[in-house]
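Student: Here you go, entry_26.cif (mmCIF, C-alpha atoms):
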data_start
loop_
_atom_site.label_atom_id
_atom_site.label_comp_id
_atom_site.auth_asym_id
_atom_site.auth_seq_id
_atom_site.Cartn_x
_atom_site.Cartn_y
_atom_site.Cartn_z
CA MET A 492 10.01 50.06 -82.39
CA ALA A 493 11.69 48.62 -79.31
CA GLU A 494 9.74 49.04 -76.11
CA HIS A 495 11.29 50.52 -73.00
CA HIS A 496 9.73 50.18 -69.55
CA MET A 497 9.83 52.66 -66.69
CA ARG A 498 8.40 52.68 -63.14
CA LEU A 499 6.98 56.15 -62.50
CA ALA A 500 5.70 57.27 -59.11
CA SER A 501 2.61 59.45 -59.07
CA GLY A 502 2.86 62.15 -56.41
CA ALA A 503 -0.89 62.70 -56.35
CA GLY A 504 -1.60 59.13 -55.28
CA PRO A 505 -4.21 57.36 -57.44
CA THR A 506 -5.78 60.58 -58.75
CA PHE A 507 -5.09 63.02 -61.56
CA GLY A 508 -6.28 66.59 -61.98
CA VAL A 509 -5.56 69.70 -64.02
CA ASP A 510 -2.28 70.19 -62.11
CA ASP A 511 -0.89 66.94 -63.48
CA ILE A 512 -3.02 66.61 -66.60
CA ALA A 513 0.06 66.53 -68.84
CA CYS A 514 1.08 63.22 -67.24
CA ALA A 515 -2.48 61.96 -67.54
CA ALA A 516 -2.60 62.96 -71.21
CA ALA A 517 0.76 61.37 -71.99
CA SER A 518 -0.70 58.09 -70.71
CA HIS A 519 -4.30 58.36 -71.90
CA LEU A 520 -3.56 59.69 -75.38
CA GLY A 521 -0.86 57.06 -75.86
CA LEU A 522 1.95 59.57 -76.33
CA TRP A 523 4.46 57.69 -74.22
CA GLU A 524 3.56 54.46 -75.98
CA ASP A 525 3.91 56.19 -79.35
CA ALA A 526 7.42 57.17 -78.30
CA GLY A 527 8.18 53.55 -77.34
CA LEU A 528 7.90 53.89 -73.55
CA ILE A 529 5.67 51.74 -71.36
CA VAL A 530 5.01 53.48 -68.04
CA GLU A 531 4.09 51.52 -64.92
CA TRP A 532 2.35 53.86 -62.47
CA ILE A 533 3.22 53.55 -58.79
CA PRO A 534 0.94 55.66 -56.53
CA ALA A 535 2.63 57.72 -53.81
CA PHE A 536 0.72 59.86 -51.35
CA GLY A 537 2.39 63.23 -51.85
CA GLY A 538 5.40 64.52 -53.75
CA VAL A 539 7.81 63.97 -50.85
CA LYS A 540 6.97 60.26 -50.73
CA ALA A 541 7.15 60.04 -54.52
CA MET A 542 10.69 61.41 -54.57
CA ASN A 543 11.72 59.18 -51.69
CA LYS A 544 10.55 56.18 -53.71
CA ILE A 545 13.20 57.10 -56.26
CA LEU A 546 15.92 57.23 -53.61
CA ASP A 547 14.70 53.92 -52.15
CA GLY A 548 14.95 52.25 -55.57
CA GLU A 549 11.23 51.48 -55.76
CA VAL A 550 10.79 53.52 -58.97
CA ASP A 551 12.95 54.92 -61.75
CA ALA A 552 11.44 58.41 -61.81
CA ALA A 553 8.57 60.34 -60.29
CA TYR A 554 6.37 63.33 -60.73
CA GLY A 555 5.55 65.70 -57.93
CA GLY A 556 6.15 69.26 -56.78
CA LEU A 557 9.50 70.91 -57.46
CA GLY A 558 9.93 71.68 -53.73
CA PRO A 559 10.75 68.15 -52.55
CA VAL A 560 13.29 67.75 -55.35
CA LEU A 561 15.06 71.01 -54.50
CA GLN A 562 15.04 70.19 -50.79
CA LEU A 563 16.48 66.72 -51.30
CA ARG A 564 19.15 68.07 -53.65
CA SER A 565 20.12 70.79 -51.18
CA GLN A 566 20.53 68.05 -48.55
CA GLY A 567 23.00 66.18 -50.77
CA HIS A 568 20.73 63.65 -52.50
CA PRO A 569 21.53 63.22 -56.22
CA MET A 570 18.15 64.37 -57.56
CA ARG A 571 17.70 65.71 -61.09
CA ILE A 572 14.74 67.44 -62.71
CA ILE A 573 14.31 66.46 -66.36
CA ALA A 574 11.10 68.30 -67.35
CA SER A 575 8.38 70.60 -66.05
CA MET A 576 4.79 69.36 -66.17
CA ALA A 577 3.32 72.86 -65.94
CA ARG A 578 4.39 76.46 -65.40
CA ALA A 579 2.18 77.30 -62.42
CA LEU A 580 -0.25 75.71 -59.99
CA ALA A 581 -3.88 75.24 -61.11
CA GLN A 582 -5.42 75.47 -57.65
CA ASN A 583 -7.82 77.70 -55.72
CA LEU A 584 -7.87 78.62 -52.04
CA VAL A 585 -11.02 77.16 -50.47
CA VAL A 586 -12.04 78.16 -46.94
CA GLN A 587 -14.69 77.78 -44.28
CA PRO A 588 -17.32 80.57 -44.19
CA HIS A 589 -15.80 82.27 -41.14
CA ILE A 590 -12.68 83.12 -43.16
CA LYS A 591 -13.78 86.44 -44.66
CA SER A 592 -10.43 87.77 -45.89
CA THR A 593 -6.74 86.87 -45.99
CA ALA A 594 -6.36 88.58 -42.59
CA ASP A 595 -8.50 85.80 -41.11
CA LEU A 596 -5.93 83.20 -42.16
CA LYS A 597 -3.90 84.02 -39.06
CA GLY A 598 -4.38 81.10 -36.67
CA ALA A 599 -6.20 79.01 -39.27
CA SER A 600 -5.85 75.26 -39.65
CA TRP A 601 -4.47 74.70 -43.17
CA ALA A 602 -4.57 71.21 -44.75
CA VAL A 603 -1.55 70.22 -46.86
CA ASP A 604 -0.45 66.93 -48.37
CA GLY A 605 2.90 66.98 -46.58
CA ILE A 606 5.49 69.33 -45.13
CA GLY A 607 7.59 70.52 -48.05
CA ALA A 608 5.21 69.09 -50.64
CA LEU A 609 3.56 71.09 -53.42
CA SER A 610 0.47 72.23 -51.51
CA HIS A 611 2.61 73.25 -48.53
CA HIS A 612 5.16 75.00 -50.76
CA MET A 613 2.44 77.04 -52.47
CA ALA A 614 0.71 77.75 -49.15
CA ARG A 615 3.97 79.12 -47.72
CA SER A 616 4.43 81.21 -50.86
CA ILE A 617 0.98 82.73 -50.26
CA VAL A 618 1.67 83.37 -46.58
CA ALA A 619 4.96 85.06 -47.47
CA LYS A 620 3.01 87.67 -49.45
CA LEU A 621 0.67 88.45 -46.54
CA PRO A 622 1.23 90.24 -43.22
CA ILE A 623 1.40 86.89 -41.42
CA ILE A 624 4.13 84.28 -40.94
CA ASP A 625 4.37 80.48 -41.13
CA ASP A 626 4.05 80.20 -37.37
CA ASP A 627 0.66 81.92 -37.56
CA ILE A 628 -0.68 78.89 -39.44
CA LYS A 629 -1.61 75.51 -37.96
CA TRP A 630 -0.30 73.23 -40.69
CA ARG A 631 -2.35 70.03 -40.88
CA VAL A 632 -0.74 67.17 -42.83
CA THR A 633 -3.50 65.13 -44.44
CA GLY A 634 -2.39 63.83 -47.85
CA PRO A 635 -3.30 64.36 -51.52
CA PRO A 636 -6.41 66.24 -52.77
CA PRO A 637 -9.13 63.75 -51.72
CA GLU A 638 -7.88 63.81 -48.13
CA ARG A 639 -7.62 67.62 -48.08
CA ILE A 640 -11.19 67.91 -49.36
CA ALA A 641 -12.39 65.51 -46.67
CA GLU A 642 -10.70 67.68 -44.02
CA LEU A 643 -12.56 70.74 -45.30
CA LEU A 644 -15.89 68.95 -45.48
CA SER A 645 -15.51 67.61 -41.95
CA GLY A 646 -14.56 71.04 -40.62
CA GLN A 647 -11.22 69.83 -39.31
CA ALA A 648 -9.41 72.23 -41.64
CA ASP A 649 -10.23 75.91 -42.12
CA VAL A 650 -8.45 76.30 -45.42
CA SER A 651 -6.71 74.35 -48.17
CA LEU A 652 -5.46 74.70 -51.71
CA ILE A 653 -7.70 72.59 -53.93
CA ARG A 654 -7.39 71.82 -57.63
CA VAL A 655 -9.42 74.27 -59.72
CA GLU A 656 -11.88 71.65 -60.96
CA GLU A 657 -12.43 70.18 -57.48
CA ALA A 658 -12.76 73.65 -55.95
CA LEU A 659 -15.40 74.55 -58.52
CA ALA A 660 -17.35 71.38 -57.80
CA LEU A 661 -17.07 71.94 -54.03
CA THR A 662 -18.22 75.54 -54.07
CA ASN A 663 -21.05 74.67 -56.50
CA GLU A 664 -22.37 72.06 -54.05
CA PRO A 665 -25.28 73.40 -51.95
CA ASP A 666 -24.75 70.78 -49.22
CA ASN A 667 -21.68 72.56 -47.83
CA SER A 668 -20.84 76.15 -46.93
CA LEU A 669 -17.28 76.18 -48.26
CA LYS A 670 -16.31 79.18 -50.33
CA LEU A 671 -13.57 80.41 -52.63
CA LEU A 672 -11.27 82.96 -51.00
CA LEU A 673 -8.67 83.30 -53.75
CA GLY A 674 -9.14 81.97 -57.26
CA PHE A 675 -6.55 80.96 -59.84
CA VAL A 676 -6.21 84.49 -61.22
CA ASP A 677 -5.99 86.04 -57.72
CA LEU A 678 -3.24 83.62 -56.76
CA LYS A 679 -1.31 84.29 -59.96
CA VAL A 680 -1.30 88.01 -59.13
CA LEU A 681 -0.35 87.41 -55.48
CA VAL A 682 2.31 84.76 -56.24
CA PRO A 683 3.62 85.26 -59.80
CA VAL A 684 6.40 82.65 -59.37
CA GLN A 685 4.49 79.53 -58.39
CA PRO A 686 5.74 76.03 -57.63
CA HIS A 687 4.56 73.35 -60.03
CA GLY A 688 4.96 69.70 -60.91
CA VAL A 689 8.13 68.22 -62.39
CA LEU A 690 9.46 64.89 -63.58
CA ALA A 691 12.55 63.88 -61.64
CA THR A 692 15.05 61.05 -61.29
CA THR A 693 18.56 60.49 -59.92
CA GLU A 694 21.97 61.16 -61.42
CA ALA A 695 22.58 57.40 -61.52
CA TYR A 696 19.45 56.74 -63.59
CA GLU A 697 20.23 59.72 -65.81
CA HIS A 698 23.54 58.08 -66.71
CA ALA A 699 22.19 54.51 -66.84
CA ALA A 700 19.05 55.04 -68.94
CA PRO A 701 19.29 58.25 -70.99
CA GLU A 702 17.25 56.75 -73.83
CA LYS A 703 14.30 56.11 -71.49
CA LEU A 704 14.42 59.62 -70.06
CA GLU A 705 14.50 61.04 -73.57
CA LEU A 706 11.30 59.13 -74.36
CA LEU A 707 9.75 60.28 -71.08
CA ALA A 708 10.52 63.91 -71.97
CA LYS A 709 9.30 63.40 -75.53
CA GLY A 710 5.93 62.14 -74.29
CA ILE A 711 5.38 64.89 -71.73
CA VAL A 712 6.33 67.65 -74.19
CA ALA A 713 3.99 66.16 -76.82
CA ALA A 714 1.21 65.95 -74.21
CA SER A 715 1.63 69.56 -73.13
CA LYS A 716 1.57 70.74 -76.74
CA ARG A 717 -1.53 68.68 -77.51
CA LEU A 718 -3.35 69.98 -74.44
CA ASN A 719 -2.48 73.57 -75.31
CA GLU A 720 -3.67 73.20 -78.89
CA SER A 721 -6.75 71.03 -78.49
CA PHE A 722 -9.69 71.40 -76.14
CA GLU A 723 -10.88 67.98 -77.32
CA ALA A 724 -7.66 66.39 -76.05
CA PHE A 725 -8.05 68.25 -72.75
CA LEU A 726 -11.71 67.24 -72.44
CA GLN A 727 -11.02 63.60 -73.31
CA THR A 728 -8.25 63.36 -70.69
CA PHE A 729 -10.25 65.32 -68.10
CA GLU A 730 -13.36 63.15 -68.45
CA HIS A 731 -11.32 59.95 -68.24
CA TYR A 732 -9.22 60.79 -65.18
CA VAL A 733 -10.87 63.56 -63.17
CA SER A 734 -13.37 62.28 -60.63
CA VAL A 735 -15.50 65.42 -60.26
CA LYS A 736 -18.31 66.08 -62.71
CA LEU A 737 -18.44 69.47 -64.41
CA ALA A 738 -20.37 70.74 -67.41
CA PRO A 739 -18.37 70.87 -70.68
CA LYS A 740 -18.57 74.68 -70.60
CA GLU A 741 -16.99 74.73 -67.14
CA ILE A 742 -14.23 72.40 -68.31
CA GLU A 743 -13.65 74.60 -71.35
CA GLN A 744 -13.32 77.64 -69.09
CA ILE A 745 -10.61 75.86 -67.08
CA TRP A 746 -8.82 74.98 -70.32
CA LEU A 747 -9.02 78.57 -71.59
CA GLN A 748 -7.69 79.81 -68.26
CA GLU A 749 -4.73 77.45 -68.51
CA ARG A 750 -3.97 78.54 -72.07
CA GLN A 751 -4.31 82.25 -71.37
CA SER A 752 -2.04 82.04 -68.34
CA LYS A 753 0.52 79.96 -70.31
CA GLY A 754 0.08 77.22 -67.74
CA PHE A 755 0.91 74.37 -70.11
CA ALA A 756 4.66 73.66 -70.30
CA ILE A 757 4.56 73.30 -74.08
CA ASP A 758 8.37 73.27 -74.33
CA GLY A 759 8.98 71.33 -71.11
CA GLU A 760 9.87 74.65 -69.40
CA MET A 761 13.51 74.20 -68.45
CA SER A 762 14.65 77.73 -69.29
CA LYS A 763 17.20 79.42 -67.04
CA ASP A 764 15.01 82.50 -66.68
CA HIS A 765 12.09 80.50 -65.31
CA TRP A 766 14.18 78.25 -63.09
CA ASN A 767 16.47 80.90 -61.66
CA LYS A 768 13.31 82.63 -60.42
CA GLN A 769 12.12 79.34 -58.93
CA LEU A 770 15.45 78.69 -57.23
CA LYS A 771 15.51 82.21 -55.80
CA ALA A 772 11.93 81.92 -54.50
CA PHE A 773 12.74 78.53 -52.92
CA ALA A 774 15.86 79.92 -51.26
CA LEU A 775 13.91 82.83 -49.77
CA LEU A 776 11.39 80.41 -48.27
CA ASN A 777 14.12 78.07 -46.98
CA PRO A 778 17.08 80.20 -45.82
CA SER A 779 18.44 77.42 -43.61
CA LEU A 780 19.03 75.08 -46.57
CA PRO A 781 22.25 75.21 -48.61
CA SER A 782 21.76 77.07 -51.88
CA ILE A 783 21.72 75.11 -55.13
CA GLN A 784 22.55 76.17 -58.67
CA PHE A 785 20.67 75.54 -61.92
CA ASP A 786 23.13 72.98 -63.32
CA GLU A 787 23.20 70.99 -60.10
CA VAL A 788 19.56 70.00 -60.10
CA LEU A 789 18.34 70.49 -63.68
CA THR A 790 19.34 68.67 -66.82
CA THR A 791 17.91 70.21 -69.99
CA LYS A 792 19.23 67.81 -72.61
CA PHE A 793 16.18 65.52 -72.64
CA VAL A 794 13.68 68.35 -73.08
CA ASP A 795 15.93 70.03 -75.66
CA ARG A 796 15.88 66.86 -77.78
CA ALA A 797 12.15 66.36 -77.22
CA VAL A 798 11.33 69.90 -78.33
CA THR A 799 13.43 69.44 -81.47
CA VAL A 800 11.65 66.17 -82.31
CA THR A 801 8.12 67.51 -81.69
CA LYS A 802 8.50 70.73 -83.73
#
Would you put the structure from the file into structure tokens?

Tutor:
Amino acid sequence: MAEHHMRLASGAGPTFGVDDIACAAASHLGLWEDAGLIVEWIPAFGGVKAMNKILDGEVDAAYGGLGPVLQLRSQGHPMRIIASMARALAQNLVVQPHIKSTADLKGASWAVDGIGALSHHMARSIVAKLPIIDDDIKWRVTGPPPERIAELLSGQADVSLIRVEEALALTNEPDNSLKLLLGFVDLKVLVPVQPHGVLATTEAYEHAAPEKLELLAKGIVAASKRLNESFEAFLQTFEHYVSVKLAPKEIEQIWLQERQSKGFAIDGEMSKDHWNKQLKAFALLNPSLPSIQFDEVLTTKFVDRAVTVTK
């Protein structure tokens, strides 16, 4: 089998977590290699920077939150989403002890990885469901998860969205007083249409290297299916990539939660129903940006072929 090479920017910097575990599994379980694709990882601190690396020609594709891709496309940049990495955001809302309820979020300092990035997008989606507005929040740009955790531990931030596994480890730790305000299930009820990670590229690369993008989609679809079907695959990937230490039972609970909520994008999740809801939610949060249509920013052909191959 001929080998193809691709430079892929990682929007979470050097770390992986449950949010991007499909990418981690595609690498660790050898699913991209099995498809004939060799991925060179290029760390990028936040989804905005990851997508800009594509536009700057530093990488061929990137993974990160859907928000930066939609924003760039609405501003005229030729961005294209080729697959979803998940169907929701596996994060919890962690706060300082003086934040007793969502009403106390007014005036809070909220750590995000970047303005417009995934953690900011989801934070704004939460705020939109509460009787407060964006201007009531002191947005604090810090960077990917390790930096947001450091801000919480130092007391410089009052609140932040933290990956479920890292939030569990933090709130289990007796050396700090951080607590969980809204868990995964609470957030799913409050914000049913949640931003999530995607794989994206440009129109030029889509036309220049369709065979590579087909292999990229094939690997990510295979990874999502494997994770959904096998706790062992999830555990193996988790223990290799995730820096926090949890008991196997705690890891299994996270896996069950992901399965039950249909969090794994087992078919690459490029359906019009799902994405029209995402586009509508994005437009409501960003009324000053030009509206964009499904076919402008999404190309389903690579996932469609991948799903056919992996059935």

Student: Can you work out which one of A:Ile529, A:Leu644, A:Ala581, A:Pro778 has the shortest atom-to-atom distance to A:Lys753, counting only C-alpha atoms?

Tutor: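 The shortest atom-to-atom distance to A:Lys753 comes from A:Ala581.
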
Student: What gap, in Å, lies between atom CA of A:Val689 and atom CA of A:Ser575?

Tutor: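 Rounded to one decimal, the two atoms are 4.4 Å apart.
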
Student: For A:Lys703, which of A:Ile573, A:Ile628, A:Val682, A:Ala513 is the closest residue, counting only C-alpha atoms?

Tutor: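 Among A:Ile573, A:Ile628, A:Val682, A:Ala513, it is A:Ile573 that comes nearest to A:Lys703.
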
Student: For the file shown, report as a ChimeraX atom specification the outcome of the PyMOL selection byres ((chain A and resi 731) around 12) at residue level.

Tutor: /A:506-508,512,515-516,518-520,724-730,732-736

Student: To verify the selection step, state as a PyMOL selection string which residues the PyMOL selection byres ((chain A and resi 707-711) around 6) yields on this input.

Tutor: chain A and resi 517+522-523+704-706+712-714+793-794+797

Student: Save stretch 493-614 of chain A to a file: C-alpha atoms, as a PDB file, in the first residue's frame.

Tutor:
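Written out: result.pdb:
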ATOM      1  CA  ALA A 493       1.366   3.397  -0.987  1.00  0.00           C
ATOM      2  CA  GLU A 494       1.972   5.756   1.899  1.00  0.00           C
ATOM      3  CA  HIS A 495       0.601   9.269   1.930  1.00  0.00           C
ATOM      4  CA  HIS A 496       1.852  11.955   4.307  1.00  0.00           C
ATOM      5  CA  MET A 497      -0.113  14.796   5.875  1.00  0.00           C
ATOM      6  CA  ARG A 498       0.781  17.632   8.276  1.00  0.00           C
ATOM      7  CA  LEU A 499      -2.030  17.906  10.816  1.00  0.00           C
ATOM      8  CA  ALA A 500      -2.250  20.706  13.374  1.00  0.00           C
ATOM      9  CA  SER A 501      -3.469  19.784  16.830  1.00  0.00           C
ATOM     10  CA  GLY A 502      -5.718  22.487  18.265  1.00  0.00           C
ATOM     11  CA  ALA A 503      -5.204  21.287  21.827  1.00  0.00           C
ATOM     12  CA  GLY A 504      -1.457  21.878  21.705  1.00  0.00           C
ATOM     13  CA  PRO A 505       0.616  18.882  22.830  1.00  0.00           C
ATOM     14  CA  THR A 506      -2.210  17.261  24.823  1.00  0.00           C
ATOM     15  CA  PHE A 507      -5.126  14.971  24.067  1.00  0.00           C
ATOM     16  CA  GLY A 508      -8.259  14.338  26.102  1.00  0.00           C
ATOM     17  CA  VAL A 509     -11.713  12.817  25.775  1.00  0.00           C
ATOM     18  CA  ASP A 510     -12.789  15.755  23.569  1.00  0.00           C
ATOM     19  CA  ASP A 511     -10.284  14.795  20.892  1.00  0.00           C
ATOM     20  CA  ILE A 512      -9.852  11.122  21.727  1.00  0.00           C
ATOM     21  CA  ALA A 513     -10.941  10.068  18.236  1.00  0.00           C
ATOM     22  CA  CYS A 514      -7.838  11.768  16.805  1.00  0.00           C
ATOM     23  CA  ALA A 515      -5.710  10.208  19.529  1.00  0.00           C
ATOM     24  CA  ALA A 516      -7.170   6.766  18.790  1.00  0.00           C
ATOM     25  CA  ALA A 517      -6.697   7.114  15.035  1.00  0.00           C
ATOM     26  CA  SER A 518      -2.984   7.666  15.746  1.00  0.00           C
ATOM     27  CA  HIS A 519      -2.438   5.329  18.697  1.00  0.00           C
ATOM     28  CA  LEU A 520      -4.415   2.378  17.348  1.00  0.00           C
ATOM     29  CA  GLY A 521      -2.725   2.732  13.962  1.00  0.00           C
ATOM     30  CA  LEU A 522      -5.946   3.367  12.063  1.00  0.00           C
ATOM     31  CA  TRP A 523      -4.531   6.125   9.884  1.00  0.00           C
ATOM     32  CA  GLU A 524      -1.472   4.012   9.149  1.00  0.00           C
ATOM     33  CA  ASP A 525      -3.715   1.048   8.317  1.00  0.00           C
ATOM     34  CA  ALA A 526      -5.447   3.283   5.786  1.00  0.00           C
ATOM     35  CA  GLY A 527      -2.072   4.277   4.301  1.00  0.00           C
ATOM     36  CA  LEU A 528      -1.764   7.749   5.837  1.00  0.00           C
ATOM     37  CA  ILE A 529       1.218   8.939   7.870  1.00  0.00           C
ATOM     38  CA  VAL A 530       0.232  11.912  10.035  1.00  0.00           C
ATOM     39  CA  GLU A 531       2.800  14.428  11.241  1.00  0.00           C
ATOM     40  CA  TRP A 532       1.408  16.245  14.282  1.00  0.00           C
ATOM     41  CA  ILE A 533       2.013  19.985  14.557  1.00  0.00           C
ATOM     42  CA  PRO A 534       0.964  21.417  17.966  1.00  0.00           C
ATOM     43  CA  ALA A 535      -1.060  24.642  17.927  1.00  0.00           C
ATOM     44  CA  PHE A 536      -2.214  26.399  21.072  1.00  0.00           C
ATOM     45  CA  GLY A 537      -5.942  26.659  20.446  1.00  0.00           C
ATOM     46  CA  GLY A 538      -8.272  25.971  17.541  1.00  0.00           C
ATOM     47  CA  VAL A 539      -7.977  29.493  16.115  1.00  0.00           C
ATOM     48  CA  LYS A 540      -4.208  29.142  15.767  1.00  0.00           C
ATOM     49  CA  ALA A 541      -4.600  25.633  14.357  1.00  0.00           C
ATOM     50  CA  MET A 542      -6.882  26.869  11.581  1.00  0.00           C
ATOM     51  CA  ASN A 543      -4.617  29.823  10.866  1.00  0.00           C
ATOM     52  CA  LYS A 544      -1.748  27.382  10.374  1.00  0.00           C
ATOM     53  CA  ILE A 545      -3.721  25.941   7.467  1.00  0.00           C
ATOM     54  CA  LEU A 546      -4.195  29.361   5.896  1.00  0.00           C
ATOM     55  CA  ASP A 547      -0.501  30.164   6.432  1.00  0.00           C
ATOM     56  CA  GLY A 548       0.515  26.956   4.626  1.00  0.00           C
ATOM     57  CA  GLU A 549       2.237  25.467   7.673  1.00  0.00           C
ATOM     58  CA  VAL A 550      -0.053  22.403   7.688  1.00  0.00           C
ATOM     59  CA  ASP A 551      -2.384  20.605   5.307  1.00  0.00           C
ATOM     60  CA  ALA A 552      -5.298  20.187   7.711  1.00  0.00           C
ATOM     61  CA  ALA A 553      -6.127  20.722  11.366  1.00  0.00           C
ATOM     62  CA  TYR A 554      -8.429  19.697  14.120  1.00  0.00           C
ATOM     63  CA  GLY A 555     -10.053  22.154  16.465  1.00  0.00           C
ATOM     64  CA  GLY A 556     -13.430  23.603  17.373  1.00  0.00           C
ATOM     65  CA  LEU A 557     -16.012  24.191  14.661  1.00  0.00           C
ATOM     66  CA  GLY A 558     -16.311  27.874  15.672  1.00  0.00           C
ATOM     67  CA  PRO A 559     -13.010  29.099  14.223  1.00  0.00           C
ATOM     68  CA  VAL A 560     -13.733  27.320  10.938  1.00  0.00           C
ATOM     69  CA  LEU A 561     -17.187  28.880  10.623  1.00  0.00           C
ATOM     70  CA  GLN A 562     -15.864  32.314  11.545  1.00  0.00           C
ATOM     71  CA  LEU A 563     -13.035  32.164   9.027  1.00  0.00           C
ATOM     72  CA  ARG A 564     -15.392  30.935   6.309  1.00  0.00           C
ATOM     73  CA  SER A 565     -17.876  33.721   7.038  1.00  0.00           C
ATOM     74  CA  GLN A 566     -14.996  36.193   6.650  1.00  0.00           C
ATOM     75  CA  GLY A 567     -14.226  34.868   3.167  1.00  0.00           C
ATOM     76  CA  HIS A 568     -11.449  32.354   3.885  1.00  0.00           C
ATOM     77  CA  PRO A 569     -11.811  29.115   1.873  1.00  0.00           C
ATOM     78  CA  MET A 570     -12.178  26.753   4.849  1.00  0.00           C
ATOM     79  CA  ARG A 571     -13.844  23.350   4.557  1.00  0.00           C
ATOM     80  CA  ILE A 572     -14.920  20.895   7.244  1.00  0.00           C
ATOM     81  CA  ILE A 573     -14.411  17.285   6.182  1.00  0.00           C
ATOM     82  CA  ALA A 574     -15.427  15.340   9.324  1.00  0.00           C
ATOM     83  CA  SER A 575     -16.678  15.736  12.879  1.00  0.00           C
ATOM     84  CA  MET A 576     -14.533  14.326  15.689  1.00  0.00           C
ATOM     85  CA  ALA A 577     -17.419  14.209  18.157  1.00  0.00           C
ATOM     86  CA  ARG A 578     -21.060  15.251  18.468  1.00  0.00           C
ATOM     87  CA  ALA A 579     -20.817  17.322  21.646  1.00  0.00           C
ATOM     88  CA  LEU A 580     -18.282  18.699  24.101  1.00  0.00           C
ATOM     89  CA  ALA A 581     -17.013  16.387  26.870  1.00  0.00           C
ATOM     90  CA  GLN A 582     -16.300  19.116  29.406  1.00  0.00           C
ATOM     91  CA  ASN A 583     -17.481  20.207  32.852  1.00  0.00           C
ATOM     92  CA  LEU A 584     -17.795  23.686  34.330  1.00  0.00           C
ATOM     93  CA  VAL A 585     -15.321  24.009  37.211  1.00  0.00           C
ATOM     94  CA  VAL A 586     -15.475  27.020  39.537  1.00  0.00           C
ATOM     95  CA  GLN A 587     -13.992  28.592  42.631  1.00  0.00           C
ATOM     96  CA  PRO A 588     -15.918  27.898  45.880  1.00  0.00           C
ATOM     97  CA  HIS A 589     -17.501  31.359  45.993  1.00  0.00           C
ATOM     98  CA  ILE A 590     -19.456  30.578  42.812  1.00  0.00           C
ATOM     99  CA  LYS A 591     -22.528  28.945  44.354  1.00  0.00           C
ATOM    100  CA  SER A 592     -24.892  29.002  41.365  1.00  0.00           C
ATOM    101  CA  THR A 593     -25.060  30.131  37.740  1.00  0.00           C
ATOM    102  CA  ALA A 594     -26.293  33.533  38.990  1.00  0.00           C
ATOM    103  CA  ASP A 595     -22.845  34.061  40.526  1.00  0.00           C
ATOM    104  CA  LEU A 596     -21.228  33.832  37.086  1.00  0.00           C
ATOM    105  CA  LYS A 597     -22.108  37.472  36.478  1.00  0.00           C
ATOM    106  CA  GLY A 598     -18.854  39.420  36.766  1.00  0.00           C
ATOM    107  CA  ALA A 599     -16.747  36.253  36.952  1.00  0.00           C
ATOM    108  CA  SER A 600     -13.335  35.840  35.367  1.00  0.00           C
ATOM    109  CA  TRP A 601     -13.695  32.991  32.848  1.00  0.00           C
ATOM    110  CA  ALA A 602     -10.589  31.306  31.373  1.00  0.00           C
ATOM    111  CA  VAL A 603     -10.778  30.318  27.692  1.00  0.00           C
ATOM    112  CA  ASP A 604      -8.173  29.120  25.219  1.00  0.00           C
ATOM    113  CA  GLY A 605      -8.870  31.949  22.792  1.00  0.00           C
ATOM    114  CA  ILE A 606     -11.599  34.314  21.640  1.00  0.00           C
ATOM    115  CA  GLY A 607     -13.742  32.351  19.199  1.00  0.00           C
ATOM    116  CA  ALA A 608     -12.103  29.034  20.089  1.00  0.00           C
ATOM    117  CA  LEU A 609     -13.965  25.952  21.312  1.00  0.00           C
ATOM    118  CA  SER A 610     -13.922  26.735  25.044  1.00  0.00           C
ATOM    119  CA  HIS A 611     -15.045  30.322  24.365  1.00  0.00           C
ATOM    120  CA  HIS A 612     -17.729  29.177  21.906  1.00  0.00           C
ATOM    121  CA  MET A 613     -19.176  26.739  24.443  1.00  0.00           C
ATOM    122  CA  ALA A 614     -18.895  29.294  27.255  1.00  0.00           C
TER     123      ALA A 614
END
